[in-house]
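The file run-v7.tsv contains TSV, C-alpha atoms:
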```
chain	number	residue	atom	x	y	z
A	1091	MET	CA	4.14	23.45	47.40
A	1092	ARG	CA	5.53	23.67	43.88
A	1093	SER	CA	4.94	26.81	41.88
A	1094	PRO	CA	2.82	26.52	38.68
A	1095	ASP	CA	5.88	27.36	36.56
A	1096	LEU	CA	7.92	24.60	38.19
A	1097	LYS	CA	5.10	22.11	37.78
A	1098	ALA	CA	4.73	23.00	34.11
A	1099	ARG	CA	8.47	22.59	33.55
A	1100	GLN	CA	8.54	19.24	35.34
A	1101	GLU	CA	5.65	17.98	33.22
A	1102	VAL	CA	7.67	18.35	30.04
A	1103	MET	CA	10.81	16.68	31.40
A	1104	PHE	CA	9.51	13.17	30.82
A	1105	ILE	CA	7.70	10.94	28.38
A	1106	HIS	CA	6.19	7.91	30.09
A	1107	LEU	CA	6.89	4.59	28.34
A	1108	LEU	CA	4.69	1.55	28.82
A	1109	HIS	CA	5.68	-1.70	27.12
A	1110	LEU	CA	2.59	-3.86	26.73
A	1111	GLY	CA	4.07	-6.92	25.01
A	1112	ARG	CA	1.93	-8.68	22.40
A	1113	VAL	CA	-1.64	-7.41	22.62
A	1114	PRO	CA	-4.69	-8.01	20.38
A	1115	TYR	CA	-5.58	-4.90	18.41
A	1116	ALA	CA	-8.98	-4.27	20.05
A	1117	GLU	CA	-7.47	-4.57	23.53
A	1118	ALA	CA	-4.64	-2.21	22.62
A	1119	LEU	CA	-7.13	0.26	21.18
A	1120	ALA	CA	-9.07	0.23	24.46
A	1121	ILE	CA	-5.86	0.85	26.42
A	1122	GLN	CA	-4.97	3.65	24.06
A	1123	GLN	CA	-8.35	5.28	24.64
A	1124	LYS	CA	-7.84	5.21	28.42
A	1125	VAL	CA	-4.45	6.86	28.06
A	1126	ILE	CA	-5.82	9.45	25.62
A	1127	ALA	CA	-8.64	10.34	28.02
A	1128	ALA	CA	-6.17	10.74	30.89
A	1129	ARG	CA	-3.87	12.89	28.75
A	1130	LYS	CA	-6.75	15.13	27.65
A	1131	ALA	CA	-7.81	15.46	31.29
A	1132	GLY	CA	-4.28	16.47	32.22
A	1133	THR	CA	-3.92	13.71	34.81
A	1134	ILE	CA	-0.87	12.15	33.10
A	1135	GLY	CA	1.92	13.49	30.93
A	1136	ASP	CA	2.88	12.55	27.39
A	1137	THR	CA	3.12	8.79	26.94
A	1138	LEU	CA	4.54	6.29	24.46
A	1139	LEU	CA	2.92	2.86	24.31
A	1140	MET	CA	5.14	0.16	22.77
A	1141	LEU	CA	3.83	-3.27	21.79
A	1142	GLU	CA	3.29	-5.95	19.16
A	1143	HIS	CA	0.04	-7.18	17.64
A	1144	PRO	CA	-1.10	-10.59	16.45
A	1145	PRO	CA	-1.76	-10.46	12.67
A	1146	VAL	CA	-4.27	-7.70	11.91
A	1147	LEU	CA	-5.17	-5.35	9.07
A	1148	THR	CA	-6.16	-1.76	9.83
A	1149	LEU	CA	-7.81	0.65	7.43
A	1150	GLY	CA	-7.21	4.36	7.94
A	1151	ARG	CA	-9.49	7.23	6.98
A	1152	LYS	CA	-8.32	7.21	3.34
A	1153	ALA	CA	-8.26	3.45	2.94
A	1154	HIS	CA	-9.66	1.63	-0.08
A	1155	ARG	CA	-11.02	-1.82	0.69
A	1156	GLY	CA	-9.72	-2.90	-2.71
A	1157	ASN	CA	-6.18	-2.65	-1.29
A	1158	ILE	CA	-6.90	-5.79	0.73
A	1159	LEU	CA	-5.90	-8.50	-1.73
A	1160	ALA	CA	-6.58	-11.58	0.39
A	1161	SER	CA	-10.08	-13.04	0.48
A	1162	ASP	CA	-12.19	-12.84	3.63
A	1163	GLU	CA	-12.04	-16.64	3.77
A	1164	LEU	CA	-8.22	-16.68	3.76
A	1165	LEU	CA	-8.00	-13.98	6.41
A	1166	ALA	CA	-10.54	-15.78	8.59
A	1167	ARG	CA	-8.61	-19.02	8.23
A	1168	LYS	CA	-5.41	-17.25	9.27
A	1169	GLY	CA	-7.17	-15.58	12.20
A	1170	VAL	CA	-6.49	-12.10	10.82
A	1171	GLU	CA	-8.84	-9.37	12.05
A	1172	ILE	CA	-9.75	-6.21	10.12
A	1173	HIS	CA	-10.29	-2.91	11.92
A	1174	GLU	CA	-11.38	0.45	10.52
A	1175	VAL	CA	-9.72	3.24	12.50
A	1176	ASN	CA	-9.50	7.03	12.52
A	1177	ARG	CA	-5.78	7.39	11.80
A	1178	GLY	CA	-4.52	8.84	8.55
A	1179	GLY	CA	-3.40	6.65	5.68
A	1180	ASP	CA	-4.59	3.57	3.85
A	1181	VAL	CA	-4.43	-0.13	4.73
A	1182	THR	CA	-1.62	-1.40	6.97
A	1183	TYR	CA	-0.58	-4.81	8.25
A	1184	HIS	CA	0.54	-5.39	11.85
A	1185	GLY	CA	1.92	-8.65	13.15
A	1186	PRO	CA	4.53	-10.44	15.25
A	1187	GLY	CA	8.06	-9.13	14.87
A	1188	GLN	CA	6.81	-5.61	14.21
A	1189	LEU	CA	7.42	-2.90	16.81
A	1190	ILE	CA	4.35	-0.72	17.28
A	1191	GLY	CA	4.56	2.69	18.91
A	1192	TYR	CA	1.52	4.70	19.96
A	1193	PRO	CA	2.61	8.17	21.15
A	1194	ILE	CA	-0.07	9.96	23.18
A	1195	VAL	CA	1.31	13.50	23.03
A	1196	ASP	CA	-0.29	16.88	23.66
A	1197	LEU	CA	0.86	19.01	20.72
A	1198	ARG	CA	0.22	22.15	22.80
A	1199	GLY	CA	3.05	21.22	25.15
A	1200	ASP	CA	6.64	22.38	25.23
A	1201	LEU	CA	7.84	20.53	22.12
A	1202	PRO	CA	10.90	21.17	19.93
A	1203	GLY	CA	10.14	23.20	16.83
A	1204	LYS	CA	6.75	24.37	18.04
A	1205	ILE	CA	5.72	27.70	16.53
A	1206	GLY	CA	2.56	29.22	17.93
A	1207	PRO	CA	0.17	27.51	20.34
A	1208	HIS	CA	0.78	23.94	19.14
A	1209	LEU	CA	3.08	21.74	17.09
A	1210	GLY	CA	1.58	21.02	13.68
A	1211	PRO	CA	0.53	17.39	12.96
A	1212	VAL	CA	2.83	17.25	9.92
A	1213	ASP	CA	5.76	18.45	12.03
A	1214	PHE	CA	4.88	15.76	14.59
A	1215	VAL	CA	4.97	13.10	11.86
A	1216	ARG	CA	8.35	14.38	10.67
A	1217	MET	CA	9.66	13.99	14.22
A	1218	LEU	CA	8.38	10.41	14.33
A	1219	GLU	CA	10.15	9.75	11.04
A	1220	GLU	CA	13.36	11.25	12.40
A	1221	SER	CA	13.29	9.07	15.50
A	1222	LEU	CA	12.83	5.96	13.34
A	1223	ILE	CA	15.55	6.99	10.88
A	1224	ARG	CA	17.94	7.29	13.83
A	1225	THR	CA	16.74	3.94	15.17
A	1226	CYS	CA	17.45	2.24	11.85
A	1227	GLY	CA	20.89	3.82	11.87
A	1228	GLU	CA	21.77	2.03	15.11
A	1229	PHE	CA	21.41	-1.25	13.20
A	1230	GLY	CA	23.49	0.01	10.30
A	1231	VAL	CA	20.45	0.62	8.11
A	1232	MET	CA	20.59	3.88	6.19
A	1233	ALA	CA	17.05	5.23	5.94
A	1234	ARG	CA	15.35	8.35	4.64
A	1235	ARG	CA	12.08	10.15	3.99
A	1236	ILE	CA	10.42	10.30	0.58
A	1237	CYS	CA	8.50	13.46	-0.32
A	1238	THR	CA	4.71	12.88	-0.30
A	1239	LEU	CA	5.12	9.30	1.04
A	1240	THR	CA	4.80	9.25	4.82
A	1241	GLY	CA	6.99	6.72	6.59
A	1242	VAL	CA	10.62	5.61	6.61
A	1243	TRP	CA	12.39	4.08	3.61
A	1244	THR	CA	15.71	2.45	2.89
A	1245	LEU	CA	18.08	4.14	0.46
A	1246	ALA	CA	17.81	3.17	-3.19
A	1247	GLY	CA	20.89	1.59	-4.80
A	1248	GLY	CA	21.38	0.99	-8.50
A	1249	SER	CA	18.32	-0.83	-9.82
A	1250	ILE	CA	17.01	-1.45	-6.30
A	1251	PRO	CA	14.30	1.07	-5.34
A	1252	GLU	CA	13.59	2.31	-1.85
A	1253	LYS	CA	11.81	-0.16	0.42
A	1254	LYS	CA	9.48	0.77	3.24
A	1255	ILE	CA	10.73	-0.23	6.66
A	1256	ALA	CA	8.33	1.75	8.88
A	1257	ALA	CA	4.77	2.98	8.43
A	1258	ILE	CA	3.27	6.00	10.19
A	1259	GLY	CA	-0.35	7.05	10.65
A	1260	VAL	CA	-1.65	9.38	13.34
A	1261	HIS	CA	-4.84	10.99	14.56
A	1262	VAL	CA	-5.17	14.25	16.49
A	1263	SER	CA	-8.13	15.11	18.71
A	1264	GLN	CA	-8.26	18.17	20.98
A	1265	GLY	CA	-4.53	18.60	20.41
A	1266	VAL	CA	-3.66	15.07	21.57
A	1267	THR	CA	-2.18	12.48	19.22
A	1268	SER	CA	-2.98	8.78	18.91
A	1269	HIS	CA	-1.99	5.80	16.75
A	1270	GLY	CA	1.60	6.16	15.54
A	1271	PHE	CA	4.23	3.98	13.88
A	1272	ALA	CA	5.03	0.39	12.94
A	1273	LEU	CA	8.68	-0.62	12.46
A	1274	ASN	CA	9.38	-3.95	10.76
A	1275	VAL	CA	11.97	-5.68	12.93
A	1276	THR	CA	11.74	-9.44	12.32
A	1277	THR	CA	8.36	-9.33	10.60
A	1278	ASP	CA	7.34	-12.13	8.23
A	1279	LEU	CA	7.09	-9.97	5.11
A	1280	ARG	CA	5.04	-12.60	3.28
A	1281	ASP	CA	2.04	-11.40	5.29
A	1282	PHE	CA	2.22	-8.07	3.44
A	1283	GLU	CA	1.13	-9.99	0.33
A	1284	TRP	CA	-2.39	-9.83	1.78
A	1285	ILE	CA	-2.55	-6.08	1.04
A	1286	VAL	CA	-1.24	-3.20	-1.05
A	1287	PRO	CA	0.71	-1.61	1.83
A	1288	CYS	CA	-0.48	1.97	2.34
A	1289	GLY	CA	-1.88	1.83	-1.20
A	1290	ILE	CA	1.63	2.05	-2.71
A	1291	THR	CA	2.08	-0.28	-5.68
A	1292	ASP	CA	5.57	0.57	-6.98
A	1293	ARG	CA	7.67	-0.14	-3.88
A	1294	THR	CA	7.99	-3.07	-1.51
A	1295	VAL	CA	8.49	-3.49	2.23
A	1296	THR	CA	11.50	-4.70	4.17
A	1297	SER	CA	12.68	-5.22	7.75
A	1298	LEU	CA	15.63	-4.49	10.01
A	1299	GLU	CA	16.39	-8.22	9.97
A	1300	LEU	CA	16.94	-8.17	6.19
A	1301	GLU	CA	18.73	-4.83	5.96
A	1302	ALA	CA	20.88	-4.65	9.10
A	1303	ASP	CA	24.67	-4.60	9.18
A	1304	PRO	CA	25.66	-7.80	11.07
A	1305	THR	CA	28.56	-5.97	12.71
A	1306	ARG	CA	26.22	-3.50	14.38
A	1307	LEU	CA	23.48	-3.87	16.99
A	1308	ALA	CA	21.84	-7.34	16.91
A	1309	VAL	CA	18.34	-7.32	15.47
A	1310	THR	CA	16.06	-8.33	18.33
A	1311	MET	CA	12.75	-6.88	19.44
A	1312	GLU	CA	14.29	-5.85	22.76
A	1313	ASN	CA	17.09	-3.95	21.04
A	1314	ALA	CA	14.66	-2.34	18.60
A	1315	LEU	CA	12.36	-1.25	21.43
A	1316	ASN	CA	15.21	0.24	23.43
A	1317	ALA	CA	16.68	2.01	20.39
A	1318	ALA	CA	13.29	3.40	19.34
A	1319	ALA	CA	12.54	4.65	22.86
A	1320	ARG	CA	16.00	6.19	23.17
A	1321	ASN	CA	15.74	8.02	19.85
A	1322	PHE	CA	12.17	9.10	20.49
A	1323	GLY	CA	13.40	10.77	23.68
A	1324	ARG	CA	16.28	12.43	21.85
A	1325	VAL	CA	14.13	13.82	19.06
A	1326	PHE	CA	11.44	15.07	21.45
A	1327	GLU	CA	14.10	16.26	23.92
A	1328	ARG	CA	12.61	14.38	26.85
A	1329	GLN	CA	13.80	11.77	29.28
A	1330	ILE	CA	12.02	8.43	28.87
A	1331	LEU	CA	10.45	7.21	32.12
A	1332	TRP	CA	9.46	3.53	32.10
A	1333	CYS	CA	6.22	2.40	33.72
A	1334	ASN	CA	5.57	-1.17	34.81
A	1335	SER	CA	1.82	-1.29	34.21
A	1336	LEU	CA	-1.17	0.66	32.94
A	1337	GLU	CA	-2.30	1.12	36.54
A	1338	GLU	CA	1.06	2.64	37.47
A	1339	LEU	CA	0.92	4.91	34.44
A	1340	LEU	CA	-2.58	6.19	35.17
A	1341	ALA	CA	-1.68	6.74	38.82
A	1342	SER	CA	1.54	8.59	37.99
A	1343	PRO	CA	1.60	12.30	38.79
A	1344	VAL	CA	1.65	14.76	35.91
A	1345	SER	CA	4.77	16.36	37.38
A	1346	THR	CA	7.84	14.32	38.14
A	1347	GLY	CA	10.87	15.47	40.07
```

Rendering of file as structure tokens:
Amino acid sequence: MRSPDLKARQEVMFIHLLHLGRVPYAEALAIQQKVIAARKAGTIGDTLLMLEHPPVLTLGRKAHRGNILASDELLARKGVEIHEVNRGGDVTYHGPGQLIGYPIVDLRGDLPGKIGPHLGPVDFVRMLEESLIRTCGEFGVMARRICTLTGVWTLAGGSIPEKKIAAIGVHVSQGVTSHGFALNVTTDLRDFEWIVPCGITDRTVTSLELEADPTRLAVTMENALNAAARNFGRVFERQILWCNSLEELLASPVSTG
């Protein structure tokens, strides 16, 4: 029988990764809630869900409906759903070609940089940003943070301002995170014309496809997923453990090893 100390150490060795493919937003939200409940109950370890969504607009806690520029008729014709959610931030677009990551992480766990009983939500967001900055770097895209503007941005050059390449919005309940990040990989950026992304009017959005160095890693969703998972593990100092299905994830032991 393993000692409690050994079990606790083994729990923090891994982050489970479940790739869901392309999933409608409501279905993904339901999956996320199951994983959150299991994490809060302590029956699974920290988990990263990776997926794509069909076109959808989500409004965070601070969202202004006026930042949706498209008419309800246009959105209905395009089959675009609108969801109000409890993450931070304003209005965001999700769609094909965009890599979505939903980290379900207990901030009270053994995490890098934790001071006191839990990692602060802002520190958690900074770690998400760092993992995405490193991911962009693998494609030859130099990226950065901008003070007061959550997310990941390309570097400005001459008269060209920074462009947003990844959005971040999280929620924390009972110390466990939900929602997460959206990295534009091969996203059709014309769809962002339906909104004022994150309520920011003086900067535009971009994608890995438009910014990447062609001599570096090829811009595909598979490569982006693998790079994001790899860098997430490096920043959070965990090994990434792939799961084949939600059932396998929920049946996995908290301790591994």

Next item on the list: Just the residues within 8 Å of Lys1253 of chain A, please, counting all atoms listed in the file, with nothing from its chain fewer than 4 positions along; format it as number ranges by chain.
Entry: A: 1243-1246, 1293-1296

Margin query: Within 10 Å of (2.4, 6.2, 17.1) (file coordinates; all atoms listed in the file), which protein or nucleic acid residues are there? I'd like them as a list in words.
Written below: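 Final list of nearby residues, as requested, is Leu1138, Leu1139, Met1140, Arg1177, Ile1190, Gly1191, Tyr1192, Pro1193, Ile1194, Val1195, Val1215, Leu1218, Ala1257, Ile1258, Gly1259, Val1260, His1261, Thr1267, Ser1268, His1269, Gly1270, Phe1271 and Ala1272 of chain A.
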
Item checked: Nearest residue to Val1125 of chain A from the set A:Gln1329, A:Thr1238, A:Asn1157, A:Ser1342 (distances using all atoms listed in the file) -> A:Ser1342

Next item on the list: Pick out the residues sitting within 12 Å of His1184 of chain A, and hand them over as a PyMOL selection string; count only C-alpha atoms, and ignore anything fewer than 6 positions along from it in its own chain.
Entry: chain A and resi 1112-1115+1141-1149+1170-1173+1190-1191+1256-1258+1271-1279+1281-1282+1284-1285+1287

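Closest approach to Phe1104 of chain A from the set A:Ala1131, A:Leu1201, A:Ala1302, A:Leu1119 is made by A:Leu1201, with distances taken over only C-alpha atoms.
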
Next item on the list: Point out the residue among A:Ala1116, A:Gly1187, A:Gly1135, A:Gly1203 with the least atom-to-atom distance to Glu1312 of chain A, counting only C-alpha atoms.
Entry: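 Smallest distance to Glu1312 of chain A is found for A:Gly1187.
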
File contents for segment 1110-1121 of chain A with all heavy atoms as a compact mmCIF listing (two decimals), in the first residue's frame:
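Written file, result-v6.txt:
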```txt
# COMPACT_ATOMS: atom_id res chain seq x y z
N LEU A 1110 -10.53 16.09 -27.71
CA LEU A 1110 -11.92 15.79 -28.01
C LEU A 1110 -12.28 15.97 -29.48
O LEU A 1110 -13.37 15.58 -29.90
CB LEU A 1110 -12.84 16.68 -27.16
CG LEU A 1110 -12.76 16.48 -25.65
CD1 LEU A 1110 -13.53 17.58 -24.93
CD2 LEU A 1110 -13.29 15.11 -25.26
N GLY A 1111 -11.38 16.56 -30.28
CA GLY A 1111 -11.72 16.85 -31.66
C GLY A 1111 -12.61 18.08 -31.76
O GLY A 1111 -12.54 18.99 -30.92
N ARG A 1112 -13.48 18.12 -32.76
CA ARG A 1112 -14.38 19.27 -32.93
C ARG A 1112 -15.71 18.98 -32.24
O ARG A 1112 -16.40 18.02 -32.59
CB ARG A 1112 -14.60 19.59 -34.41
CG ARG A 1112 -15.38 20.89 -34.64
CD ARG A 1112 -15.42 21.27 -36.10
NE ARG A 1112 -14.06 21.53 -36.61
CZ ARG A 1112 -13.79 21.85 -37.87
NH1 ARG A 1112 -14.78 21.94 -38.76
NH2 ARG A 1112 -12.55 22.06 -38.25
N VAL A 1113 -16.04 19.80 -31.26
CA VAL A 1113 -17.18 19.54 -30.39
C VAL A 1113 -18.03 20.80 -30.26
O VAL A 1113 -17.50 21.88 -30.02
CB VAL A 1113 -16.70 19.11 -28.98
CG1 VAL A 1113 -17.88 18.78 -28.09
CG2 VAL A 1113 -15.76 17.93 -29.07
N PRO A 1114 -19.36 20.71 -30.43
CA PRO A 1114 -20.22 21.87 -30.19
C PRO A 1114 -20.00 22.43 -28.79
O PRO A 1114 -19.71 21.68 -27.84
CB PRO A 1114 -21.63 21.30 -30.36
CG PRO A 1114 -21.46 20.11 -31.24
CD PRO A 1114 -20.13 19.52 -30.88
N TYR A 1115 -20.19 23.74 -28.65
CA TYR A 1115 -19.83 24.40 -27.40
C TYR A 1115 -20.61 23.83 -26.21
O TYR A 1115 -20.02 23.56 -25.15
CB TYR A 1115 -20.06 25.91 -27.50
CG TYR A 1115 -19.47 26.65 -26.34
CD1 TYR A 1115 -18.12 26.98 -26.32
CD2 TYR A 1115 -20.25 27.01 -25.24
CE1 TYR A 1115 -17.55 27.64 -25.24
CE2 TYR A 1115 -19.69 27.67 -24.16
CZ TYR A 1115 -18.35 27.98 -24.17
OH TYR A 1115 -17.79 28.62 -23.09
N ALA A 1116 -21.91 23.64 -26.36
CA ALA A 1116 -22.72 23.15 -25.24
C ALA A 1116 -22.27 21.77 -24.80
O ALA A 1116 -22.22 21.46 -23.60
CB ALA A 1116 -24.20 23.14 -25.61
N GLU A 1117 -21.92 20.92 -25.77
CA GLU A 1117 -21.46 19.57 -25.43
C GLU A 1117 -20.11 19.63 -24.70
O GLU A 1117 -19.89 18.93 -23.71
CB GLU A 1117 -21.32 18.73 -26.69
CG GLU A 1117 -20.86 17.30 -26.47
CD GLU A 1117 -20.72 16.52 -27.75
OE1 GLU A 1117 -21.32 16.92 -28.77
OE2 GLU A 1117 -19.99 15.50 -27.74
N ALA A 1118 -19.23 20.51 -25.18
CA ALA A 1118 -17.93 20.65 -24.53
C ALA A 1118 -18.08 21.21 -23.13
O ALA A 1118 -17.35 20.82 -22.21
CB ALA A 1118 -17.03 21.57 -25.36
N LEU A 1119 -19.03 22.11 -22.95
CA LEU A 1119 -19.27 22.67 -21.62
C LEU A 1119 -19.75 21.59 -20.66
O LEU A 1119 -19.32 21.54 -19.49
CB LEU A 1119 -20.30 23.79 -21.72
CG LEU A 1119 -20.39 24.78 -20.54
CD1 LEU A 1119 -19.07 25.52 -20.35
CD2 LEU A 1119 -21.52 25.77 -20.78
N ALA A 1120 -20.60 20.70 -21.14
CA ALA A 1120 -21.08 19.59 -20.30
C ALA A 1120 -19.94 18.65 -19.92
O ALA A 1120 -19.84 18.19 -18.78
CB ALA A 1120 -22.19 18.83 -21.03
N ILE A 1121 -19.05 18.36 -20.88
CA ILE A 1121 -17.88 17.52 -20.59
C ILE A 1121 -17.00 18.21 -19.56
O ILE A 1121 -16.51 17.59 -18.60
CB ILE A 1121 -17.10 17.24 -21.89
CG1 ILE A 1121 -17.92 16.34 -22.81
CG2 ILE A 1121 -15.75 16.60 -21.57
CD1 ILE A 1121 -17.33 16.17 -24.19
```
